[in-house]
$ cat target09.csv   # CSV, C-alpha atoms
chain,number,residue,atom,x,y,z
A,192,MET,CA,-16.0,110.5,-99.6
A,193,LEU,CA,-13.0,112.3,-98.0
A,194,VAL,CA,-11.0,111.9,-101.2
A,195,PHE,CA,-13.9,113.4,-103.1
A,196,VAL,CA,-14.1,116.4,-100.8
A,197,THR,CA,-10.4,117.0,-100.9
A,198,GLY,CA,-10.3,116.8,-104.7
A,199,PHE,CA,-13.2,119.2,-105.0
A,200,LEU,CA,-11.6,121.8,-102.7
A,201,LEU,CA,-8.3,121.5,-104.6
A,202,ALA,CA,-10.2,122.0,-107.9
A,203,CYS,CA,-12.0,125.0,-106.5
A,204,ASN,CA,-8.8,126.6,-105.4
A,205,PHE,CA,-7.2,125.9,-108.7
A,206,LEU,CA,-10.1,127.4,-110.6
A,207,PHE,CA,-10.3,130.5,-108.4
A,208,PRO,CA,-6.8,131.3,-107.4
A,209,GLN,CA,-6.2,134.1,-104.9
A,210,THR,CA,-3.3,135.6,-106.8
A,211,PRO,CA,-4.0,138.3,-109.4
A,212,ARG,CA,-5.6,136.9,-112.6
A,213,SER,CA,-4.7,138.3,-115.9
A,214,VAL,CA,-7.6,139.4,-117.9
A,215,SER,CA,-5.9,141.1,-120.7
A,216,GLU,CA,-2.9,140.4,-122.9
A,217,PRO,CA,0.4,141.9,-121.5
A,218,VAL,CA,1.2,145.2,-123.2
A,219,VAL,CA,4.1,144.8,-125.6
A,220,PRO,CA,7.0,147.0,-124.4
A,221,ARG,CA,7.9,149.7,-127.0
A,222,PRO,CA,10.3,152.5,-127.0
A,223,THR,CA,9.0,155.8,-125.7
A,224,LYS,CA,9.8,159.2,-127.2
A,225,THR,CA,9.4,162.3,-125.1
A,226,GLY,CA,9.2,165.9,-126.1
A,227,SER,CA,11.8,168.1,-124.7
A,228,GLN,CA,13.4,171.5,-125.2
A,229,ALA,CA,17.1,171.3,-125.7
A,230,SER,CA,19.0,173.2,-123.0
A,231,ASP,CA,22.4,173.6,-124.6
A,232,ILE,CA,25.2,174.5,-122.4
A,233,PRO,CA,27.8,176.9,-123.9
A,234,GLU,CA,29.1,175.7,-127.3
A,235,ALA,CA,32.7,176.2,-126.1
A,236,ALA,CA,33.7,176.4,-122.5
A,237,PRO,CA,36.2,179.2,-121.7
A,238,ILE,CA,39.2,177.1,-120.9
A,239,GLY,CA,40.8,173.8,-121.7
A,240,PHE,CA,37.9,171.9,-123.3
A,241,SER,CA,35.2,172.1,-125.8
A,242,ILE,CA,31.5,171.1,-125.7
A,243,VAL,CA,29.3,170.9,-128.8
A,244,ARG,CA,25.8,169.5,-129.2
A,245,LEU,CA,24.8,167.7,-132.3
A,246,HIS,CA,21.3,167.3,-133.6
A,247,PRO,CA,19.9,164.7,-136.0
A,248,GLU,CA,18.9,167.3,-138.5
A,249,ASP,CA,22.6,168.1,-138.9
A,250,GLY,CA,23.1,164.8,-140.7
A,251,ASP,CA,24.3,161.2,-140.2
A,252,LEU,CA,25.9,160.7,-136.8
A,253,GLN,CA,29.0,158.9,-138.0
A,254,THR,CA,29.7,161.6,-140.6
A,255,LEU,CA,29.2,164.3,-138.0
A,256,LEU,CA,31.5,162.5,-135.5
A,257,ALA,CA,34.2,162.1,-138.2
A,258,ALA,CA,34.0,165.9,-138.7
A,259,GLU,CA,34.1,166.6,-135.0
A,260,ALA,CA,37.1,164.2,-134.7
A,261,LYS,CA,39.1,166.3,-137.1
A,262,LYS,CA,38.4,169.4,-135.0
A,263,ALA,CA,39.4,167.5,-131.9
A,264,VAL,CA,42.6,166.5,-133.4
A,265,GLU,CA,43.4,170.0,-134.5
A,266,LEU,CA,42.8,171.2,-131.0
A,267,ASP,CA,44.7,168.2,-129.6
A,268,ARG,CA,41.8,167.2,-127.5
A,269,MET,CA,40.3,163.8,-126.5
A,270,LEU,CA,37.0,163.2,-128.4
A,271,ILE,CA,34.2,162.0,-126.1
A,272,VAL,CA,30.5,161.4,-126.9
A,273,GLU,CA,28.1,162.0,-124.0
A,274,PHE,CA,24.4,161.0,-124.1
A,275,ASP,CA,22.2,163.1,-121.9
A,276,ALA,CA,18.7,164.6,-121.6
A,277,THR,CA,17.0,167.6,-120.1
A,278,TRP,CA,15.0,165.6,-117.6
A,279,CYS,CA,18.0,163.8,-116.1
A,280,PRO,CA,19.1,165.1,-112.7
A,281,PRO,CA,22.5,163.5,-112.8
A,282,CYS,CA,23.2,165.0,-116.2
A,283,ARG,CA,22.2,168.4,-114.9
A,284,ALA,CA,24.5,168.0,-111.8
A,285,ILE,CA,27.4,167.4,-114.1
A,286,ASP,CA,26.6,170.4,-116.3
A,287,GLU,CA,26.2,172.5,-113.2
A,288,GLY,CA,29.7,171.5,-112.0
A,289,LEU,CA,31.1,172.9,-115.3
A,290,LYS,CA,28.9,176.0,-115.5
A,291,THR,CA,29.9,177.0,-112.0
A,292,GLU,CA,33.5,176.4,-112.9
A,293,ASN,CA,34.1,173.9,-110.2
A,294,GLU,CA,37.9,173.6,-110.1
A,295,LEU,CA,37.9,169.8,-109.8
A,296,MET,CA,35.5,169.5,-112.8
A,297,LEU,CA,37.4,172.0,-114.9
A,298,ALA,CA,40.7,170.1,-114.3
A,299,ALA,CA,39.0,166.7,-115.1
A,300,TYR,CA,37.6,168.0,-118.4
A,301,ASP,CA,40.8,169.8,-119.4
A,302,GLY,CA,41.9,168.6,-122.8
A,303,THR,CA,38.6,167.1,-123.8
A,304,TYR,CA,36.3,167.7,-126.8
A,305,ILE,CA,32.8,166.7,-125.6
A,306,VAL,CA,30.1,165.9,-128.2
A,307,LYS,CA,26.7,165.9,-126.5
A,308,LEU,CA,23.7,163.9,-127.9
A,309,ASP,CA,20.3,164.3,-126.3
A,310,VAL,CA,18.5,160.9,-126.2
A,311,ASP,CA,15.2,162.7,-126.8
A,312,GLU,CA,16.5,163.7,-130.2
A,313,TRP,CA,18.7,160.8,-131.1
A,314,GLY,CA,16.7,158.0,-129.5
A,315,TRP,CA,17.8,155.3,-127.1
A,316,ASN,CA,19.8,152.5,-128.6
A,317,GLY,CA,18.0,153.2,-131.9
A,318,ARG,CA,19.2,153.1,-135.5
A,319,SER,CA,20.3,156.8,-135.5
A,320,VAL,CA,22.8,156.2,-132.7
A,321,GLN,CA,24.2,153.2,-134.5
A,322,ASP,CA,26.3,151.0,-132.2
A,323,PHE,CA,26.3,153.1,-129.1
A,324,ARG,CA,24.7,150.8,-126.6
A,325,PHE,CA,23.7,151.9,-123.1
A,326,ASP,CA,21.1,151.4,-120.4
A,327,GLY,CA,21.2,154.7,-118.5
A,328,ILE,CA,22.4,158.3,-118.8
A,329,PRO,CA,24.7,160.1,-118.5
A,330,VAL,CA,27.1,157.9,-120.3
A,331,TYR,CA,30.4,158.7,-122.0
A,332,PHE,CA,32.1,157.0,-124.9
A,333,LYS,CA,35.7,157.6,-125.9
A,334,LEU,CA,36.3,158.0,-129.6
A,335,ASP,CA,39.5,157.8,-131.7
A,336,ALA,CA,40.9,160.3,-134.2
A,337,LYS,CA,38.5,159.0,-136.9
A,338,GLY,CA,35.4,159.4,-134.7
A,339,GLN,CA,35.1,155.6,-134.1
A,340,GLN,CA,34.5,154.2,-130.6
A,341,THR,CA,37.5,152.9,-128.8
A,342,GLY,CA,35.5,150.6,-126.6
A,343,GLU,CA,36.1,152.7,-123.5
A,344,VAL,CA,32.8,153.7,-121.8
A,345,ILE,CA,32.0,155.1,-118.5
A,346,ASP,CA,28.7,156.0,-116.7
A,347,GLY,CA,27.6,157.3,-113.4
A,348,GLY,CA,28.0,153.9,-111.8
A,349,ALA,CA,31.7,154.6,-111.7
A,350,TRP,CA,31.4,157.5,-109.3
A,351,GLY,CA,28.1,157.2,-107.3
A,352,GLU,CA,26.4,160.3,-106.0
A,353,ASP,CA,26.7,163.2,-108.4
A,354,ILE,CA,28.9,165.7,-106.6
A,355,PRO,CA,32.1,167.1,-108.2
A,356,GLU,CA,34.3,165.4,-105.5
A,357,ASN,CA,33.0,162.0,-106.7
A,358,ILE,CA,32.8,162.7,-110.4
A,359,ALA,CA,36.0,164.6,-111.1
A,360,PRO,CA,38.6,162.0,-110.1
A,361,VAL,CA,36.9,159.3,-112.0
A,362,MET,CA,36.3,161.5,-115.1
A,363,ASP,CA,39.9,162.7,-114.9
A,364,GLU,CA,41.2,159.1,-115.0
A,365,PHE,CA,38.8,158.1,-117.8
A,366,PHE,CA,39.6,161.2,-120.0
A,367,HIS,CA,43.3,161.2,-119.5
A,368,ARG,CA,44.5,157.6,-119.3
A,369,ASN,CA,46.5,156.4,-122.4
B,25,MET,CA,-19.0,99.8,-95.1
B,26,LYS,CA,-22.3,101.7,-95.2
B,27,LEU,CA,-22.3,105.0,-93.4
B,28,PRO,CA,-25.4,106.1,-91.4
B,29,LEU,CA,-27.6,108.7,-93.1
B,30,TRP,CA,-26.8,111.4,-90.6
B,31,LEU,CA,-23.1,111.1,-91.3
B,32,ASN,CA,-23.7,111.3,-95.1
B,33,VAL,CA,-25.7,114.5,-94.5
B,34,LEU,CA,-23.0,115.9,-92.3
B,35,PHE,CA,-20.4,115.2,-95.0
B,36,VAL,CA,-22.5,117.0,-97.6
B,37,ILE,CA,-23.0,120.0,-95.4
B,38,MET,CA,-19.2,120.1,-94.7
B,39,LEU,CA,-18.5,119.9,-98.4
B,40,LEU,CA,-20.8,122.7,-99.3
B,41,SER,CA,-19.5,124.9,-96.5
B,42,ALA,CA,-15.8,124.3,-97.5
B,43,VAL,CA,-16.5,125.0,-101.1
B,44,SER,CA,-18.3,128.2,-100.3
B,45,VAL,CA,-15.6,129.5,-98.0
B,46,SER,CA,-12.8,128.5,-100.4
B,47,CYS,CA,-14.4,130.2,-103.4
B,48,THR,CA,-15.4,133.3,-101.4
B,49,THR,CA,-11.9,133.7,-100.1
B,50,ALA,CA,-10.4,133.3,-103.5
B,51,SER,CA,-12.4,136.2,-104.9
B,52,SER,CA,-11.1,138.7,-102.4
B,53,GLY,CA,-7.7,138.8,-104.1
B,54,PRO,CA,-6.6,141.5,-106.5
B,55,LEU,CA,-7.8,141.2,-110.1
B,56,ALA,CA,-4.9,141.7,-112.5
B,57,LEU,CA,-5.7,144.0,-115.4
B,58,ALA,CA,-2.4,144.5,-117.2
B,59,SER,CA,1.3,144.3,-116.7
B,60,PHE,CA,4.3,145.4,-118.7
B,61,THR,CA,7.9,146.4,-118.5
B,62,GLU,CA,9.0,149.5,-120.3
B,63,ASN,CA,12.2,151.5,-119.9
B,64,TYR,CA,13.4,149.1,-117.2
B,65,VAL,CA,10.4,149.6,-114.9
B,66,GLY,CA,7.9,146.8,-114.3
B,67,VAL,CA,4.3,148.0,-113.9
B,68,SER,CA,1.3,145.8,-112.8
B,69,ILE,CA,-2.2,147.2,-112.7
B,70,TYR,CA,-5.0,145.6,-110.8
B,71,LEU,CA,-8.3,146.0,-109.1
B,72,GLU,CA,-8.7,145.2,-105.4
B,73,HIS,CA,-10.9,145.9,-102.4
B,74,ASP,CA,-9.5,147.7,-99.4
B,75,SER,CA,-10.3,146.6,-95.8
B,76,ALA,CA,-13.5,148.7,-95.9
B,77,GLY,CA,-14.7,147.0,-99.0
B,78,ASN,CA,-14.0,150.0,-101.3
B,79,THR,CA,-12.8,149.4,-104.8
B,80,LEU,CA,-9.2,150.5,-105.6
B,81,LEU,CA,-7.6,150.7,-108.9
B,82,SER,CA,-3.9,150.2,-108.2
B,83,ALA,CA,-0.6,150.2,-110.0
B,84,THR,CA,2.7,148.9,-108.6
B,85,PHE,CA,5.8,150.4,-110.2
B,86,THR,CA,9.0,148.3,-109.8
B,87,PRO,CA,12.2,150.2,-110.8
B,88,PRO,CA,15.6,148.4,-111.2
B,89,ASP,CA,17.7,147.8,-108.1
B,90,GLY,CA,19.1,151.0,-106.7
B,91,HIS,CA,16.6,153.1,-108.6
B,92,HIS,CA,13.7,155.2,-107.4
B,93,VAL,CA,10.6,156.8,-109.1
B,94,TYR,CA,9.4,160.3,-108.4
B,95,SER,CA,6.5,161.6,-106.3
B,96,LYS,CA,3.0,161.6,-107.8
B,97,ASP,CA,2.8,165.3,-106.7
B,98,ILE,CA,5.6,166.8,-108.8
B,99,SER,CA,4.6,168.6,-112.0
B,100,VAL,CA,4.1,166.5,-115.2
B,101,ASN,CA,7.1,168.4,-116.6
B,102,GLY,CA,9.2,167.7,-113.5
B,103,VAL,CA,10.9,170.2,-111.3
B,104,MET,CA,12.8,172.7,-113.4
B,105,GLY,CA,12.4,170.1,-116.2
B,106,LEU,CA,14.0,167.4,-114.1
B,107,GLY,CA,12.3,164.1,-113.3
B,108,ARG,CA,8.7,163.0,-114.1
B,109,PRO,CA,5.9,162.2,-111.7
B,110,THR,CA,4.6,158.7,-111.1
B,111,LEU,CA,1.0,158.6,-112.2
B,112,LEU,CA,-1.9,156.3,-112.6
B,113,GLU,CA,-4.7,158.2,-114.4
B,114,LEU,CA,-8.1,157.5,-115.9
B,115,THR,CA,-8.4,158.5,-119.6
B,116,GLU,CA,-10.9,161.2,-120.6
B,117,ASN,CA,-13.5,158.7,-121.9
B,118,SER,CA,-13.0,156.1,-119.2
B,119,GLN,CA,-16.1,154.4,-117.8
B,120,ILE,CA,-14.4,154.2,-114.4
B,121,THR,CA,-15.2,157.1,-112.0
B,122,ALA,CA,-12.5,158.4,-109.6
B,123,LEU,CA,-13.8,158.8,-106.0
B,124,GLY,CA,-10.7,160.4,-104.6
B,125,LYS,CA,-7.1,161.2,-105.1
B,126,LEU,CA,-4.1,158.8,-105.6
B,127,ILE,CA,-2.9,157.1,-102.5
B,128,GLU,CA,0.8,156.2,-102.3
B,129,SER,CA,2.1,153.1,-100.5
B,130,ALA,CA,5.1,155.0,-99.1
B,131,PRO,CA,5.6,158.8,-98.5
B,132,ALA,CA,7.8,160.6,-101.0
B,133,GLN,CA,10.9,162.1,-99.5
B,134,GLU,CA,13.4,164.9,-100.1
B,135,PRO,CA,16.3,163.6,-102.3
B,136,ASP,CA,20.0,163.8,-101.4
B,137,PHE,CA,20.6,165.9,-104.4
B,138,GLU,CA,19.4,169.3,-105.8
B,139,PRO,CA,16.7,170.4,-106.4
B,140,LYS,CA,15.3,169.3,-103.1
B,141,GLU,CA,11.7,169.9,-104.3
B,142,LEU,CA,12.2,166.9,-106.6
B,143,LEU,CA,10.6,164.4,-104.2
B,144,VAL,CA,11.3,160.8,-104.7
B,145,TYR,CA,9.9,157.5,-103.3
B,146,PRO,CA,12.2,155.2,-101.5
B,147,GLU,CA,14.1,152.8,-103.7
B,148,GLY,CA,12.1,149.7,-104.7
B,149,PRO,CA,8.5,149.1,-105.6
B,150,VAL,CA,5.8,151.7,-104.9
B,151,THR,CA,2.1,151.3,-105.3
B,152,LEU,CA,-0.4,154.0,-106.2
B,153,SER,CA,-4.1,153.4,-105.6
B,154,LEU,CA,-7.1,155.3,-106.8
B,155,PRO,CA,-10.5,154.9,-105.1
B,156,VAL,CA,-12.9,154.2,-107.9
B,157,GLU,CA,-16.4,153.3,-108.9
B,158,LEU,CA,-16.7,150.7,-111.6
B,159,PRO,CA,-19.5,151.0,-114.2
B,160,PRO,CA,-22.7,149.3,-113.0
B,161,GLY,CA,-23.6,145.8,-114.2
B,162,ASN,CA,-22.2,142.4,-114.7
B,163,ASP,CA,-20.6,143.0,-118.1
B,164,TRP,CA,-16.9,143.4,-118.8
B,165,ILE,CA,-15.9,146.4,-120.9
B,166,ASP,CA,-12.8,147.7,-122.6
B,167,ASP,CA,-11.2,150.7,-121.1
B,168,GLN,CA,-7.9,152.6,-121.1
B,169,LEU,CA,-5.6,153.9,-118.4
B,170,LYS,CA,-2.7,156.3,-118.5
B,171,ILE,CA,0.6,155.6,-116.9
B,172,THR,CA,3.6,158.0,-116.3
B,173,TYR,CA,6.9,157.4,-114.5
B,174,MET,CA,10.6,157.7,-114.7
B,175,ALA,CA,13.4,155.8,-112.8
B,176,CYS,CA,16.7,157.2,-111.7
B,177,SER,CA,19.4,156.2,-109.3
B,178,ALA,CA,21.7,158.7,-107.5
B,179,TYR,CA,23.9,158.8,-110.6
B,180,GLN,CA,21.9,157.5,-113.6
B,181,CYS,CA,18.5,157.7,-115.2
B,182,LYS,CA,16.3,155.6,-117.4
B,183,PRO,CA,14.1,157.3,-120.0
B,184,PRO,CA,10.7,158.4,-118.8
B,185,VAL,CA,7.4,156.9,-119.9
B,186,GLU,CA,4.9,159.7,-120.2
B,187,GLY,CA,1.2,159.2,-120.6
B,188,LYS,CA,1.4,155.7,-121.9
B,189,ILE,CA,-2.1,154.4,-122.8
B,190,VAL,CA,-2.7,151.0,-121.4
B,191,PRO,CA,-5.7,149.0,-122.7
B,192,VAL,CA,-7.5,147.1,-120.0
B,193,ARG,CA,-10.7,145.0,-119.7
B,194,ILE,CA,-12.6,145.8,-116.6
B,195,PRO,CA,-15.6,144.2,-114.9
B,196,GLY,CA,-18.8,145.9,-114.0
B,197,ALA,CA,-19.3,146.7,-110.3
B,198,GLN,CA,-21.6,143.8,-109.7
B,199,ALA,CA,-19.3,141.4,-111.6
B,200,PHE,CA,-16.3,142.6,-109.5
B,201,ASP,CA,-18.1,142.7,-106.2
B,202,GLY,CA,-19.8,139.4,-106.7
B,203,GLN,CA,-16.7,137.4,-107.3

$ encode --input "target09.csv" --output "structure tokens"
Amino acid sequence: MLVFVTGFLLACNFLFPQTPRSVSEPVVPRPTKTGSQASDIPEAAPIGFSIVRLHPEDGDLQTLLAAEAKKAVELDRMLIVEFDATWCPPCRAIDEGLKTENELMLAAYDGTYIVKLDVDEWGWNGRSVQDFRFDGIPVYFKLDAKGQQTGEVIDGGAWGEDIPENIAPVMDEFFHRN
Amino acid sequence: MKLPLWLNVLFVIMLLSAVSVSCTTASSGPLALASFTENYVGVSIYLEHDSAGNTLLSATFTPPDGHHVYSKDISVNGVMGLGRPTLLELTENSQITALGKLIESAPAQEPDFEPKELLVYPEGPVTLSLPVELPPGNDWIDDQLKITYMACSAYQCKPPVEGKIVPVRIPGAQAFDGQ
């Protein structure tokens, strides 16, 4: 009798568990696209470095990067691709450091040619950004004279909180080593 | 060995009582409606009763380690375009009726960075709960909910999920209360 009772109770608990019960199929994750308004920062900063923003309607990314690489070589500047977005506070903090002409940031960016790509326009690890792979923004990829990735990448994890005192030394090292 | 009749009756009474208590207790747990992970944030949506017996539609948002999501009270377009609110919303044609405003499991706080109005929840999971009334009856029906969020750390962001429609199958009020 006791065995029967115990078995019945176990069966009841099994059939009516207290943990959440799933009543619908899990939703399949899919990429999300968001609307945004591009907030371009100046096309060319006043001293020491260049910033351009490319848009998908301008053409194929690799072709565009090859063209930008030529310009970077002519200016003797290091070509960098940055992925950002208008809704990204850390991205905004970095832009603010440049817009307000923070001396540390200006020194770190000196000699660079930054190509900005908005993830709302270009997608996130999608076909249009080819083999650029990342899981957060902002993120920076170093490119060679032909516009190909060198394999050197840096993101905010390298400097922590987004203040020029943290960002600038790390960026300086990344942009200017080699 | 043959047991006396009164002992057999006692066993049966104990058995029925135990089954009743066990099954009643089991039904007081949350009822999972949907779960998914998108843009690095896990979301689970469920129905539950609060301590007063009211029905709550809840969603728990679990961002990656070191990341936070933003206050339910910031604008849908963020603060100066930055960030996105964390929201659990009923869709226009939903058969669920909201009885109040969203309740947050932890108060949002001022961030360490500018703009200070861009309130964030503490790092880790946060749950939003909406007091609701389910449609009457014992039937289960198809419905849809709307989810919005975005996760960032102090130095990096994941892409936002904005107004994602999540299909759910919900019980009628009697079906949920009677479980």

$ closest_residue --input "target09.csv" --among "A:Gly342, A:Pro360, A:Gly288, A:Pro281" --to "chain B" --atoms "all atoms listed in the file"
A:Pro281

$ atom_distance --input "target09.csv" --atom1 "atom CA of A:His246" --atom2 "atom CA of A:His367"
26.8 Å

$ residues_around --input "target09.csv" --residues "A:Glu352" --least-positions-apart "2" --cutoff "12 Å" --atoms "all atoms listed in the file" --output "VMD selection string"
(chain A and resid 280 to 282 284 to 285 346 to 350 354 to 359) or (chain B and resid 90 135 to 138 176 to 180)

$ write_last_selection --input "target09.csv" --atoms "C-alpha atoms" --output "compact mmCIF listing (two decimals), keeping the file's coordinate frame"
# COMPACT_ATOMS: atom_id res chain seq x y z
CA PRO A 280 19.10 165.10 -112.70
CA PRO A 281 22.50 163.50 -112.80
CA CYS A 282 23.20 165.00 -116.20
CA ALA A 284 24.50 168.00 -111.80
CA ILE A 285 27.40 167.40 -114.10
CA ASP A 346 28.70 156.00 -116.70
CA GLY A 347 27.60 157.30 -113.40
CA GLY A 348 28.00 153.90 -111.80
CA ALA A 349 31.70 154.60 -111.70
CA TRP A 350 31.40 157.50 -109.30
CA ILE A 354 28.90 165.70 -106.60
CA PRO A 355 32.10 167.10 -108.20
CA GLU A 356 34.30 165.40 -105.50
CA ASN A 357 33.00 162.00 -106.70
CA ILE A 358 32.80 162.70 -110.40
CA ALA A 359 36.00 164.60 -111.10
CA GLY B 90 19.10 151.00 -106.70
CA PRO B 135 16.30 163.60 -102.30
CA ASP B 136 20.00 163.80 -101.40
CA PHE B 137 20.60 165.90 -104.40
CA GLU B 138 19.40 169.30 -105.80
CA CYS B 176 16.70 157.20 -111.70
CA SER B 177 19.40 156.20 -109.30
CA ALA B 178 21.70 158.70 -107.50
CA TYR B 179 23.90 158.80 -110.60
CA GLN B 180 21.90 157.50 -113.60

$ residues_around --input "target09.csv" --residues "A:Ala258" --least-positions-apart "5" --cutoff "9 Å" --atoms "all atoms listed in the file" --output "PyMOL selection string"
chain A and resi 253+263+337-338

$ residues_near_point --input "target09.csv" --point "(10.4, 156.9, -107.3)" --cutoff "9 Å" --atoms "all atoms listed in the file" --output "PyMOL selection string"
chain B and resi 85+87+91-96+109-110+132+143-150+173-176

$ residues_near_point --input "target09.csv" --point "(-10.5, 155.5, -111.7)" --cutoff "6 Å" --atoms "all atoms listed in the file" --output "PyMOL selection string"
chain B and resi 114+120-122+154+156

$ residues_around --input "target09.csv" --residues "stretch 191-193 of chain B" --least-positions-apart "3" --cutoff "6 Å" --atoms "all atoms listed in the file" --output "number ranges by chain"
B: 57, 165-168

$ closest_residue --input "target09.csv" --among "B:Leu112, B:Leu106, B:Leu80, B:Val67" --to "chain A" --atoms "all atoms listed in the file"
B:Leu106

$ residues_around --input "target09.csv" --residues "B:Lys188" --least-positions-apart "3" --cutoff "8 Å" --atoms "all atoms listed in the file" --output "ChimeraX atom specification"
/B:170-172,185

$ closest_residue --input "target09.csv" --among "B:Asn162, B:Thr84, B:Asn32, B:Thr151" --to "B:Ala58" --atoms "only C-alpha atoms"
B:Thr84

$ residues_around --input "target09.csv" --residues "B:Leu152" --least-positions-apart "5" --cutoff "8 Å" --atoms "all atoms listed in the file" --output "list in words"
Ser82, Ala83, Thr84, Leu111, Leu112, Leu126, Ile127, Glu128 and Ser129 of chain B
